[in-house]
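Enquirer: Dropping a structure here in structure tokens format, bear with me for questions.
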Amino acid sequence: MDRIIEQLPRFFTSGNMTLLLESAGLTLAMTLVGCLIGFFLAFVLVYLRQTPGLWALPLRLICISYVEVFRRIPFLVVIYLVLFFIQTISTDASLFTIAVIAICIYSIAYTADIIRGGLESVPHTQIEAAQTMNLSRLRTTVTIVLPQAWPVIVPPAIAFAVSFIKDTALVSQIGVFELTFRGKELNNQGYSGILVFGTIAMCYFLISFPLSMLGQYLEKRLATPRGERRARKIRRA
Amino acid sequence: MNYKFQYGIVWENFGALLEGAWLTFQLGVLAFAGGLLIGLVGASIKSFAPQPFRFLVDSYVVFITNTPALIQIYFLYFGLPEIGIRWSSEACVLIGLILNAGAYLTLILRAGFLSVRRPELEAGITIGMSVLQQIRYIVVPHIAKSIYPAVANFFIVILVMGTSIGAVIGVDELTGTAINLSTINYRWLEYFSVIAVMYVVLTFVASIGLALFGRWAFRVKARIF
Amino acid sequence: MPHLAVNDVRAKYGALEVLKGVNFTMEKGEVVALVGPSGSGKSTVLRTLVGLTPATSGTVEIHGRAIDFKNSGAVRAARDQMAIVFQQYNLFQNMDVLRNITLAPIKIKRRRAAEVMSEAEKLLEMVGLSEKVHAFPDELSGGQQQRVAIARALALNPEILLLDEVTSALDPELVNEVLDTIRRLAAEGMSMIIVSHEMAFVREVADHVVFMDEGEVIEIGPPDKMFGAPKSARARDFFGKIIRH
């Protein structure tokens with residue numbers, strides 16, 4: 001305890017705090033970029049998974065398999081796989097890029113189910129009406145189904161991204177200068193483990209808690225019928 | 001891509017990988033069991049206990065669910081020795097996972113508790129049941145069926161995500177074993193692709209087992225996929 | 001040559017055969033009404049014509065040319081010539097009335113936007129909803145939504161209009177406004193196939209009445225004969241029950 005008190009002034013210097021702030025920013029950036037790209041690619045995956053016709057059966061199976069497999073592999077293993085796979089191809093890739101790719105691959109698997117649930121929640125009669133008017137599957141999905149699926153897709157998708165912020169702690173293992181990595185660094189420099197990891201935990205908390213409250217607020221506002229109309233007004237504008 | 005895959009080495013050391021998988025499974029089961037106990041206690045407190053206790057449980061849950069499991073384990077592993085407690089890596093991971101699982105399971109079980117309607121509980125109160133008896137005879141049978149899918153799914157999560165974190169502080173579960181073996185002969189891609197497959201197999205077996213158990217014990221039709 | 005000819009069409013829902021050999025023809029400008037008890041397959045006939053429920057055998061000919069429902073190009077061509085209005089209107093919930101009507105003509109038929117928009121406004125005027133141009137479906141009553149659905153179908157310039165129980169989901173006081181619209185279309189010479197329970201309306205507006213039961217066409221005839229003195233026993237049974245009301 002005395003040791004911690006003794007270390008406090010050395011620990012809470014502006015230099016250290018700046019470093020922590022930078023690494024927190026990196027954590028957020030990784031998560032945001034990875035989850036956004038992953039979300040878009042997950043949509044492509046779900047769209048391909050819905051391709052009709054017997055000839056498309058292998059494609060559909062591949063899409064289903066991807067999701068089922070990557071939901072069952074630990075994120076740490078995915079990180080290592082991406083790391084070593086990319087390093088056999090090119091030695092230039094930055095660790096940040098590798099981390100984002102790993103986040104991407106992982107979030108595609110989890111987001112795909114959210115998107116699929118959202119698309120399937122739109123009444124099939126909407127699609128039938130579009131079919132009888134000869135609207136293509138792509139146009140139907142993008143201009144009719146997707147806009148109606150948003151209120152069902154967005155809240156869980158945001159909740160996933162927010163909770164993924166915590167999982168990015170594992171990329172510290174490949175040397176990305178994010179929050180957890182800084183924590184280990186400080187601990188290695190001799191600062192008390194309780195002090196360091198308590199502070200890092202508080203940093204994650206300060207990022208995660210407000211965002212998850214925001215996500216819950218968004219969910220409540222989108223879930224009501226008035227919310228759907230509000231969402232539509234935003235789309236109209 | 002000029003990388004020659006050599007899976008022979010992996011096959012030679014497959015026994016070690018199997019031992020790692022076994023440790024993964026044990027850790028998963030123990031962490032889940034411990035977490036389930038905490039979850040039951042936590043959900044009960046949130047449902048029945050007076051305010052100061054409910055606040056404590058809420059604080060615990062909110063803190064754990066908004067901080068990474070890795071940091072929680074680092075805290076135990078690097079922090080506890082400073083106050084004289086030196087646990088092994090395995091113990092740190094186990095305790096850390098139990099505390100982590102406890103928070104999430106408190107949320108899951110609490111949702112189940114909420115689904116029990118007041119009149120059922122009041123009926124119990126009127127015939128003189130204590131809180132514990134209410135839990136045992138009214139709440140548990142009622143919610144067991146409805147929350148089973150969520151709880152079973154969480155077991156898979158612990159098994160896969162939770163235990164692999166142990167590799168970071170040197171636990172020889174499946175991922176840790178793969179890391180150790182890879183540092184010896186540098187066949188990272190081979191080892192990790194193999195353990196990826198092993199994780200998928202492990203979770204499928206666990207899912208099927210849980211689905212069958214659910215069907216037998218609670219007559220729940222749980223999804224395997 | 002008849003405008004539309006349905007020859008011995010069979011169709012299935014999964015394992016259940018819903019249409020067991022349906023035959024009827026239609027000339028240009030005629031109104032054909034499909035009537036019969038629930039489950040007789042009337043709506044399925046419309047769905048098969050427009051390719052939603054595939055026909056397992058038999059042919060559908062438009063102007064003498066058979067449609068190959070296994071060929072997606074042929075199905076698209078058939079849909080080009082027919083437009084369907086559903087019982088539940090099926091308006092696109094995320095767009096306003098104008099976009100609902102103009103989406104397909106602009107994007108699929110590739111007509112010029114200005115032209116389509118002015119035509120849409122004329123159609124809305126015809127169905128009596130000019131002031132609702134920018135309203136969203138959830139702001140309209142059932143009868144209004146159904147009239148928009150009719151306008152939307154007409155905007156596709158179909159040769160044949162298919163109306164699938166379009167008043168069955170409406171509150172009674174809203175039924176007449178939709179029937180009025182259909183009357184006007186019939187008077188203007190639109191070829192239509194109407195599936196309906198509104199017997200008085202059918203009697204008034206149809207050129208031919210096709211009575212179906214259990215997936216087959218039992219009898220076809222002009223309205224007065226069908227309602228007054230049907231030949232087959234099942235038709236007599238059905239119409240007898242109706243008239244008593």
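If you're wondering about the labels, chains in the structure tokens are A, B, ... by order shown, residues count from 1 in each chain, ligands from 1 in order shown.
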Please provide as a VMD selection string all residues within 7 Å of Ser107 (chain A), with the sequence filter that same-chain residues fewer than 4 positions apart are discarded (counting only C-alpha atoms).

Expert: chain A and resid 35 38 103 111

Enquirer: Could you make a table, as CSV, of the residues of chain C that have an atom within 8 Å of an atom of chain A, each with its nearest atom pair and distance in Å to one decimal, counting only C-alpha atoms, in chain and number order?

Expert:
```
residue,atom,partner,partner_atom,distance
C:Val50,CA,A:Thr132,CA,6.3
C:Gly51,CA,A:Thr132,CA,7.6
C:Leu52,CA,A:Glu128,CA,7.2
C:Arg76,CA,A:Asn134,CA,6.1
C:Arg79,CA,A:Thr132,CA,6.0
C:Asp80,CA,A:Asn134,CA,7.3
C:Ala83,CA,A:Thr132,CA,7.1
C:Ile84,CA,A:Thr132,CA,7.2
C:Asn90,CA,A:Gln126,CA,5.8
C:Leu91,CA,A:Gln126,CA,7.2
C:Phe92,CA,A:Gln126,CA,6.4
C:Gln93,CA,A:Gln148,CA,7.5
C:Asn94,CA,A:Gln148,CA,6.3
C:Ala104,CA,A:Met133,CA,6.4
C:Ile108,CA,A:Leu135,CA,6.6
C:Leu156,CA,A:Met133,CA,7.9
```

Enquirer: Nearest to chain B: which of A:Ala149, A:Ala223, A:Leu81, A:Val67 is it, counting only C-alpha atoms?

Expert: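 Selected residue with least distance to chain B: A:Leu81.
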
Enquirer: Write out as CSV a residue-level contact list of chain A versus chain B with cut-off 8 Å: for each qualifying residue the closest pair of atoms and the distance in Å to one decimal, counting only C-alpha atoms, rows sorted by chain and residue number upward.

Expert:
```
residue,atom,partner,partner_atom,distance
A:Glu68,CA,B:Phe225,CA,7.2
A:Val69,CA,B:Val200,CA,6.3
A:Arg72,CA,B:Val200,CA,5.4
A:Ile73,CA,B:Ala196,CA,5.8
A:Pro74,CA,B:Met161,CA,4.8
A:Phe75,CA,B:Met161,CA,6.7
A:Leu76,CA,B:Ser164,CA,7.0
A:Val77,CA,B:Phe192,CA,6.7
A:Tyr80,CA,B:Phe192,CA,7.5
A:Leu81,CA,B:Leu189,CA,6.3
A:Phe84,CA,B:Leu189,CA,6.3
A:Phe85,CA,B:Leu189,CA,6.8
A:Thr88,CA,B:Tyr3,CA,6.6
A:Ile89,CA,B:Met1,CA,5.5
A:Ser163,CA,B:Asn66,CA,7.7
A:Lys166,CA,B:Pro68,CA,4.5
A:Asp167,CA,B:Pro68,CA,6.3
A:Ala169,CA,B:Pro68,CA,6.7
A:Leu170,CA,B:Leu70,CA,7.2
A:Gln173,CA,B:Val168,CA,7.5
A:Thr180,CA,B:Ile71,CA,7.3
A:Ser192,CA,B:Gly79,CA,6.9
A:Gly193,CA,B:Gly79,CA,4.2
A:Ile194,CA,B:Gly79,CA,4.4
A:Leu195,CA,B:Gly79,CA,8.0
A:Phe197,CA,B:Phe75,CA,5.5
A:Gly198,CA,B:Phe75,CA,7.0
A:Ile200,CA,B:Ile71,CA,7.6
A:Ala201,CA,B:Thr67,CA,5.7
A:Met202,CA,B:Thr67,CA,7.7
A:Tyr204,CA,B:Thr67,CA,5.6
A:Phe205,CA,B:Asn66,CA,5.2
A:Ser208,CA,B:Asn66,CA,5.6
A:Phe209,CA,B:Asn66,CA,6.0
```

Enquirer: From region 23-241 of chain C, collect each residue whose DSSP state is alpha helix (DSSP H) and return the set as a VMD selection string.

Expert: chain C and resid 42 to 49 72 to 81 97 to 107 113 to 126 142 to 154 172 to 187 199 to 205 223 to 228 233 to 241

Enquirer: For the selection you just gave me, I'd like the residues written to a file as a compact mmCIF listing (two decimals), in the first residue's frame, keeping C-alpha atoms.

Expert:
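Okay, out_0.txt is ready:
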```txt
# COMPACT_ATOMS: atom_id res chain seq x y z
CA LYS C 42 -58.12 -18.90 -56.29
CA SER C 43 -55.28 -16.79 -54.88
CA THR C 44 -52.78 -19.45 -55.87
CA VAL C 45 -53.84 -19.07 -59.51
CA LEU C 46 -52.87 -15.39 -59.37
CA ARG C 47 -49.63 -16.17 -57.57
CA THR C 48 -48.76 -18.75 -60.21
CA LEU C 49 -49.47 -16.33 -63.06
CA SER C 72 -36.10 -16.42 -65.31
CA GLY C 73 -36.06 -14.18 -68.39
CA ALA C 74 -39.48 -15.48 -69.42
CA VAL C 75 -40.80 -14.95 -65.90
CA ARG C 76 -39.58 -11.36 -65.98
CA ALA C 77 -41.29 -10.83 -69.33
CA ALA C 78 -44.53 -12.25 -67.95
CA ARG C 79 -44.33 -10.01 -64.90
CA ASP C 80 -43.81 -7.13 -67.26
CA GLN C 81 -47.24 -7.74 -68.75
CA VAL C 97 -46.64 7.06 -51.71
CA LEU C 98 -44.98 8.75 -54.67
CA ARG C 99 -41.82 6.64 -54.44
CA ASN C 100 -43.86 3.47 -54.00
CA ILE C 101 -45.57 4.19 -57.29
CA THR C 102 -42.58 5.47 -59.24
CA LEU C 103 -39.80 3.14 -58.07
CA ALA C 104 -40.36 0.30 -60.52
CA PRO C 105 -41.28 2.37 -63.59
CA ILE C 106 -38.17 4.53 -63.23
CA LYS C 107 -35.67 1.87 -62.20
CA ALA C 113 -38.50 10.39 -64.04
CA ALA C 114 -40.48 13.52 -64.94
CA GLU C 115 -42.83 11.50 -67.14
CA VAL C 116 -43.34 8.84 -64.46
CA MET C 117 -43.96 11.41 -61.74
CA SER C 118 -46.67 13.22 -63.67
CA GLU C 119 -48.31 9.93 -64.55
CA ALA C 120 -48.16 8.94 -60.88
CA GLU C 121 -49.95 12.14 -59.94
CA LYS C 122 -52.64 11.44 -62.53
CA LEU C 123 -53.09 7.93 -61.16
CA LEU C 124 -53.37 9.24 -57.62
CA GLU C 125 -56.01 11.65 -58.81
CA MET C 126 -57.90 8.80 -60.42
CA GLY C 142 -56.38 0.45 -45.17
CA GLY C 143 -58.64 1.62 -47.97
CA GLN C 144 -56.24 4.42 -48.87
CA GLN C 145 -53.27 2.05 -48.86
CA GLN C 146 -55.13 -0.36 -51.12
CA ARG C 147 -55.95 2.42 -53.58
CA VAL C 148 -52.28 3.42 -53.61
CA ALA C 149 -51.44 -0.22 -54.28
CA ILE C 150 -53.79 -0.17 -57.25
CA ALA C 151 -52.19 3.05 -58.51
CA ARG C 152 -48.78 1.44 -58.07
CA ALA C 153 -49.84 -1.56 -60.13
CA LEU C 154 -51.31 0.65 -62.84
CA PRO C 172 -66.48 -2.48 -44.17
CA GLU C 173 -66.75 1.30 -44.49
CA LEU C 174 -63.54 1.38 -46.54
CA VAL C 175 -64.53 -1.32 -49.01
CA ASN C 176 -66.64 0.85 -51.28
CA GLU C 177 -63.95 3.37 -52.12
CA VAL C 178 -61.80 0.51 -53.45
CA LEU C 179 -64.68 -1.10 -55.34
CA ASP C 180 -65.44 2.26 -56.96
CA THR C 181 -61.89 2.42 -58.27
CA ILE C 182 -62.17 -1.06 -59.73
CA ARG C 183 -65.52 -0.20 -61.32
CA ARG C 184 -63.90 2.75 -63.04
CA LEU C 185 -61.06 0.57 -64.35
CA ALA C 186 -63.52 -1.98 -65.70
CA ALA C 187 -65.46 0.76 -67.44
CA MET C 199 -70.47 -11.33 -54.58
CA ALA C 200 -72.72 -8.41 -55.46
CA PHE C 201 -69.74 -6.56 -56.87
CA VAL C 202 -68.60 -9.60 -58.84
CA ARG C 203 -72.05 -10.02 -60.32
CA GLU C 204 -72.06 -6.39 -61.39
CA VAL C 205 -68.59 -6.06 -62.88
CA PRO C 223 -72.57 -13.83 -63.92
CA ASP C 224 -76.34 -14.01 -64.31
CA LYS C 225 -76.26 -17.67 -65.22
CA MET C 226 -73.73 -18.57 -62.49
CA PHE C 227 -75.54 -16.74 -59.75
CA GLY C 228 -79.04 -17.61 -60.97
CA ALA C 233 -74.05 -29.32 -57.85
CA ARG C 234 -71.08 -27.83 -56.01
CA ALA C 235 -71.63 -24.44 -57.66
CA ARG C 236 -75.31 -24.58 -56.76
CA ASP C 237 -74.31 -25.41 -53.19
CA PHE C 238 -71.86 -22.48 -53.00
CA PHE C 239 -74.04 -19.85 -54.64
CA GLY C 240 -77.07 -21.05 -52.77
CA LYS C 241 -75.34 -20.33 -49.48
```

Enquirer: Can you list, as an mmCIF file with C-alpha atoms, in the first residue's frame, every protein, DNA or RNA residue that comes within 12 Å of Asp92 (chain A) when you count only C-alpha atoms, leaving out same-chain residues fewer than 6 positions away?

Expert:
```
data_model
loop_
_atom_site.group_PDB
_atom_site.id
_atom_site.type_symbol
_atom_site.label_atom_id
_atom_site.label_comp_id
_atom_site.auth_asym_id
_atom_site.auth_seq_id
_atom_site.Cartn_x
_atom_site.Cartn_y
_atom_site.Cartn_z
ATOM 1 C CA LEU A 83 -0.322 -12.506 -37.775
ATOM 2 C CA ILE A 86 0.238 -12.288 -43.221
ATOM 3 C CA ILE A 98 -2.847 -7.009 -38.693
#
```

Enquirer: Compile the contact shell of Leu19 (chain C) as a CSV table (one decimal) with C-alpha atoms, in the first residue's frame: residues with an atom at most 6 Å away, counting only C-alpha atoms, same-chain residues fewer than 5 positions apart removed.

Expert:
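Produced file result.csv, reproduced below:
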```csv
chain,number,residue,atom,x,y,z
C,10,ARG,CA,-51.0,-27.6,-61.5
C,11,ALA,CA,-49.1,-26.1,-58.5
C,215,GLY,CA,-57.9,-26.7,-56.8
```

Enquirer: Would you mind listing what lies within 7 Å of region 105-116 of chain B as a list in words, with only C-alpha atoms counted and same-chain residues fewer than 2 positions away left out?

Expert: Gly35, Leu36, Gly39, Leu40, Gly42, Ala43, Ala101, Gly102, Ala103, Arg118, Val139, Ile143 and Ile147 of chain B

Enquirer: Can I get the selected residues back with N, CA and C atoms, as a PDB file, in the first residue's frame?

Expert:
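The resulting file, result10.pdb, is reproduced below:
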```pdb
ATOM      1  N   GLY B  35     -18.876 -19.568 -11.619  1.00  0.00           N
ATOM      2  CA  GLY B  35     -19.619 -18.400 -12.062  1.00  0.00           C
ATOM      3  C   GLY B  35     -21.111 -18.583 -11.863  1.00  0.00           C
ATOM      4  N   LEU B  36     -21.577 -19.805 -12.085  1.00  0.00           N
ATOM      5  CA  LEU B  36     -23.007 -20.085 -11.926  1.00  0.00           C
ATOM      6  C   LEU B  36     -23.446 -19.865 -10.480  1.00  0.00           C
ATOM      7  N   GLY B  39     -23.505 -16.291  -9.859  1.00  0.00           N
ATOM      8  CA  GLY B  39     -24.641 -15.736 -10.593  1.00  0.00           C
ATOM      9  C   GLY B  39     -25.941 -15.952  -9.854  1.00  0.00           C
ATOM     10  N   LEU B  40     -26.107 -17.158  -9.291  1.00  0.00           N
ATOM     11  CA  LEU B  40     -27.324 -17.447  -8.532  1.00  0.00           C
ATOM     12  C   LEU B  40     -27.439 -16.520  -7.321  1.00  0.00           C
ATOM     13  N   GLY B  42     -25.897 -13.650  -6.854  1.00  0.00           N
ATOM     14  CA  GLY B  42     -26.061 -12.268  -7.316  1.00  0.00           C
ATOM     15  C   GLY B  42     -27.476 -11.980  -7.774  1.00  0.00           C
ATOM     16  N   ALA B  43     -28.029 -12.878  -8.584  1.00  0.00           N
ATOM     17  CA  ALA B  43     -29.381 -12.651  -9.083  1.00  0.00           C
ATOM     18  C   ALA B  43     -30.384 -12.673  -7.936  1.00  0.00           C
ATOM     19  N   ALA B 101     -17.254 -14.675 -15.079  1.00  0.00           N
ATOM     20  CA  ALA B 101     -18.477 -15.395 -15.426  1.00  0.00           C
ATOM     21  C   ALA B 101     -19.592 -15.053 -14.457  1.00  0.00           C
ATOM     22  N   GLY B 102     -19.229 -14.905 -13.176  1.00  0.00           N
ATOM     23  CA  GLY B 102     -20.234 -14.592 -12.168  1.00  0.00           C
ATOM     24  C   GLY B 102     -21.021 -13.342 -12.517  1.00  0.00           C
ATOM     25  N   ALA B 103     -20.317 -12.324 -13.008  1.00  0.00           N
ATOM     26  CA  ALA B 103     -21.007 -11.069 -13.338  1.00  0.00           C
ATOM     27  C   ALA B 103     -21.994 -11.275 -14.482  1.00  0.00           C
ATOM     28  N   ARG B 118     -45.082 -12.160 -10.121  1.00  0.00           N
ATOM     29  CA  ARG B 118     -45.295 -11.921  -8.686  1.00  0.00           C
ATOM     30  C   ARG B 118     -46.248 -12.918  -8.052  1.00  0.00           C
ATOM     31  N   VAL B 139     -38.812 -20.483  -8.335  1.00  0.00           N
ATOM     32  CA  VAL B 139     -38.057 -19.753  -9.346  1.00  0.00           C
ATOM     33  C   VAL B 139     -37.263 -20.681 -10.254  1.00  0.00           C
ATOM     34  N   ILE B 143     -37.628 -20.877 -14.382  1.00  0.00           N
ATOM     35  CA  ILE B 143     -36.718 -20.191 -15.301  1.00  0.00           C
ATOM     36  C   ILE B 143     -35.728 -21.126 -15.960  1.00  0.00           C
ATOM     37  N   ILE B 147     -34.145 -19.866 -19.553  1.00  0.00           N
ATOM     38  CA  ILE B 147     -32.803 -19.283 -19.680  1.00  0.00           C
ATOM     39  C   ILE B 147     -31.761 -20.304 -20.075  1.00  0.00           C
TER      40      ILE B 147
END
```

Enquirer: Counting only C-alpha atoms, what is within 9 Å of Arg49 (chain A), bar same-chain residues fewer than 4 positions away, as a PDB file with C-alpha atoms, in the first residue's frame?

Expert:
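In the end it all went to around-v9.pdb:
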```pdb
ATOM      1  CA  VAL A  44     -21.938  -8.924 -48.235  1.00  0.00           C
ATOM      2  CA  LEU A  45     -21.621 -12.351 -46.621  1.00  0.00           C
ATOM      3  CA  ALA A  56     -25.368 -21.466 -55.375  1.00  0.00           C
ATOM      4  CA  LEU A  57     -25.476 -24.191 -52.744  1.00  0.00           C
ATOM      5  CA  LEU A  59     -21.575 -20.585 -51.956  1.00  0.00           C
ATOM      6  CA  ARG A  60     -24.290 -20.674 -49.316  1.00  0.00           C
ATOM      7  CA  LEU A  61     -22.494 -23.459 -47.458  1.00  0.00           C
ATOM      8  CA  ILE A  62     -19.247 -21.518 -47.474  1.00  0.00           C
ATOM      9  CA  CYS A  63     -20.986 -18.477 -46.011  1.00  0.00           C
ATOM     10  CA  ILE A  64     -22.672 -20.531 -43.302  1.00  0.00           C
TER      11      ILE A  64
END
```

Enquirer: Figure out the distance between CA of Val85 (chain C) and CA of Gly64 (chain C), please, to one decimal in Å.

Expert: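 These two atoms are separated by 24.5 Å.
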
Enquirer: Can you pull out every residue within 9 Å of region 28-35 of chain C, counting only C-alpha atoms, but drop anything in the same chain fewer than 5 positions away, and send it as a compact mmCIF listing (two decimals) with N, CA and C atoms, in the first residue's frame?

Expert:
```
# COMPACT_ATOMS: atom_id res chain seq x y z
N PRO C 2 -57.10 -15.87 -77.60
CA PRO C 2 -57.39 -15.22 -76.33
C PRO C 2 -56.17 -14.45 -75.81
N HIS C 3 -56.47 -13.41 -75.05
CA HIS C 3 -55.39 -12.63 -74.47
C HIS C 3 -54.57 -13.51 -73.52
N LEU C 4 -55.28 -14.19 -72.62
CA LEU C 4 -54.61 -15.04 -71.65
C LEU C 4 -55.27 -16.42 -71.69
N SER C 40 -59.79 -22.99 -52.12
CA SER C 40 -60.04 -23.59 -53.43
C SER C 40 -58.90 -23.32 -54.40
N LYS C 42 -57.93 -20.09 -55.47
CA LYS C 42 -58.12 -18.90 -56.29
C LYS C 42 -56.90 -17.98 -56.24
N SER C 43 -56.44 -17.67 -55.01
CA SER C 43 -55.28 -16.79 -54.88
C SER C 43 -54.05 -17.44 -55.46
N GLU C 159 -50.77 -5.20 -69.02
CA GLU C 159 -51.85 -5.57 -69.92
C GLU C 159 -53.00 -6.19 -69.13
N ILE C 160 -52.63 -6.90 -68.08
CA ILE C 160 -53.63 -7.56 -67.25
C ILE C 160 -53.39 -7.17 -65.79
N ALA C 186 -62.79 -1.07 -64.83
CA ALA C 186 -63.52 -1.98 -65.70
C ALA C 186 -64.20 -1.21 -66.81
N GLU C 188 -63.23 1.47 -68.08
CA GLU C 188 -62.23 1.96 -69.04
C GLU C 188 -61.62 0.84 -69.87
N GLY C 189 -62.06 -0.40 -69.64
CA GLY C 189 -61.61 -1.49 -70.52
C GLY C 189 -60.34 -2.19 -70.08
N MET C 190 -60.00 -2.08 -68.79
CA MET C 190 -58.81 -2.78 -68.29
C MET C 190 -59.07 -4.28 -68.19
N SER C 191 -58.15 -5.11 -68.71
CA SER C 191 -58.29 -6.55 -68.53
C SER C 191 -57.95 -6.88 -67.09
N MET C 192 -58.86 -7.57 -66.41
CA MET C 192 -58.61 -7.85 -64.99
C MET C 192 -59.02 -9.26 -64.62
N ILE C 193 -58.29 -9.86 -63.69
CA ILE C 193 -58.71 -11.10 -63.05
C ILE C 193 -58.89 -10.76 -61.57
N ILE C 194 -60.10 -10.94 -61.10
CA ILE C 194 -60.42 -10.53 -59.73
C ILE C 194 -60.75 -11.75 -58.90
N VAL C 195 -60.06 -11.90 -57.78
CA VAL C 195 -60.44 -12.90 -56.77
C VAL C 195 -61.15 -12.14 -55.68
N SER C 196 -62.38 -12.50 -55.39
CA SER C 196 -63.11 -11.69 -54.41
C SER C 196 -64.20 -12.47 -53.72
N HIS C 197 -64.56 -12.00 -52.51
CA HIS C 197 -65.71 -12.54 -51.80
C HIS C 197 -66.91 -11.61 -51.95
N MET C 199 -69.68 -10.70 -53.52
CA MET C 199 -70.47 -11.33 -54.58
C MET C 199 -71.29 -10.35 -55.38
N VAL C 202 -69.00 -8.69 -57.78
CA VAL C 202 -68.60 -9.60 -58.84
C VAL C 202 -69.70 -9.71 -59.89
N ARG C 203 -70.93 -9.87 -59.40
CA ARG C 203 -72.05 -10.02 -60.32
C ARG C 203 -72.19 -8.80 -61.23
N VAL C 205 -69.74 -6.53 -62.09
CA VAL C 205 -68.59 -6.06 -62.88
C VAL C 205 -67.96 -7.13 -63.79
N ALA C 206 -68.19 -8.44 -63.46
CA ALA C 206 -67.47 -9.48 -64.19
C ALA C 206 -68.13 -9.82 -65.52
N ASP C 207 -67.29 -10.17 -66.52
CA ASP C 207 -67.81 -10.70 -67.78
C ASP C 207 -67.98 -12.21 -67.68
N HIS C 208 -67.03 -12.86 -67.01
CA HIS C 208 -67.12 -14.30 -66.77
C HIS C 208 -66.84 -14.58 -65.31
N VAL C 209 -67.56 -15.57 -64.77
CA VAL C 209 -67.29 -16.00 -63.40
C VAL C 209 -66.73 -17.41 -63.46
N VAL C 210 -65.57 -17.61 -62.87
CA VAL C 210 -64.94 -18.93 -62.81
C VAL C 210 -65.10 -19.46 -61.39
N PHE C 211 -65.85 -20.56 -61.25
CA PHE C 211 -66.05 -21.12 -59.93
C PHE C 211 -65.03 -22.23 -59.70
N MET C 212 -64.27 -22.11 -58.60
CA MET C 212 -63.25 -23.10 -58.28
C MET C 212 -63.55 -23.77 -56.95
N ASP C 213 -63.14 -25.03 -56.84
CA ASP C 213 -63.26 -25.72 -55.58
C ASP C 213 -62.15 -26.76 -55.50
```

Enquirer: By how many Å are CA of Thr51 (chain A) and CA of Gly34 (chain A) apart?

Expert: 25.9 Å
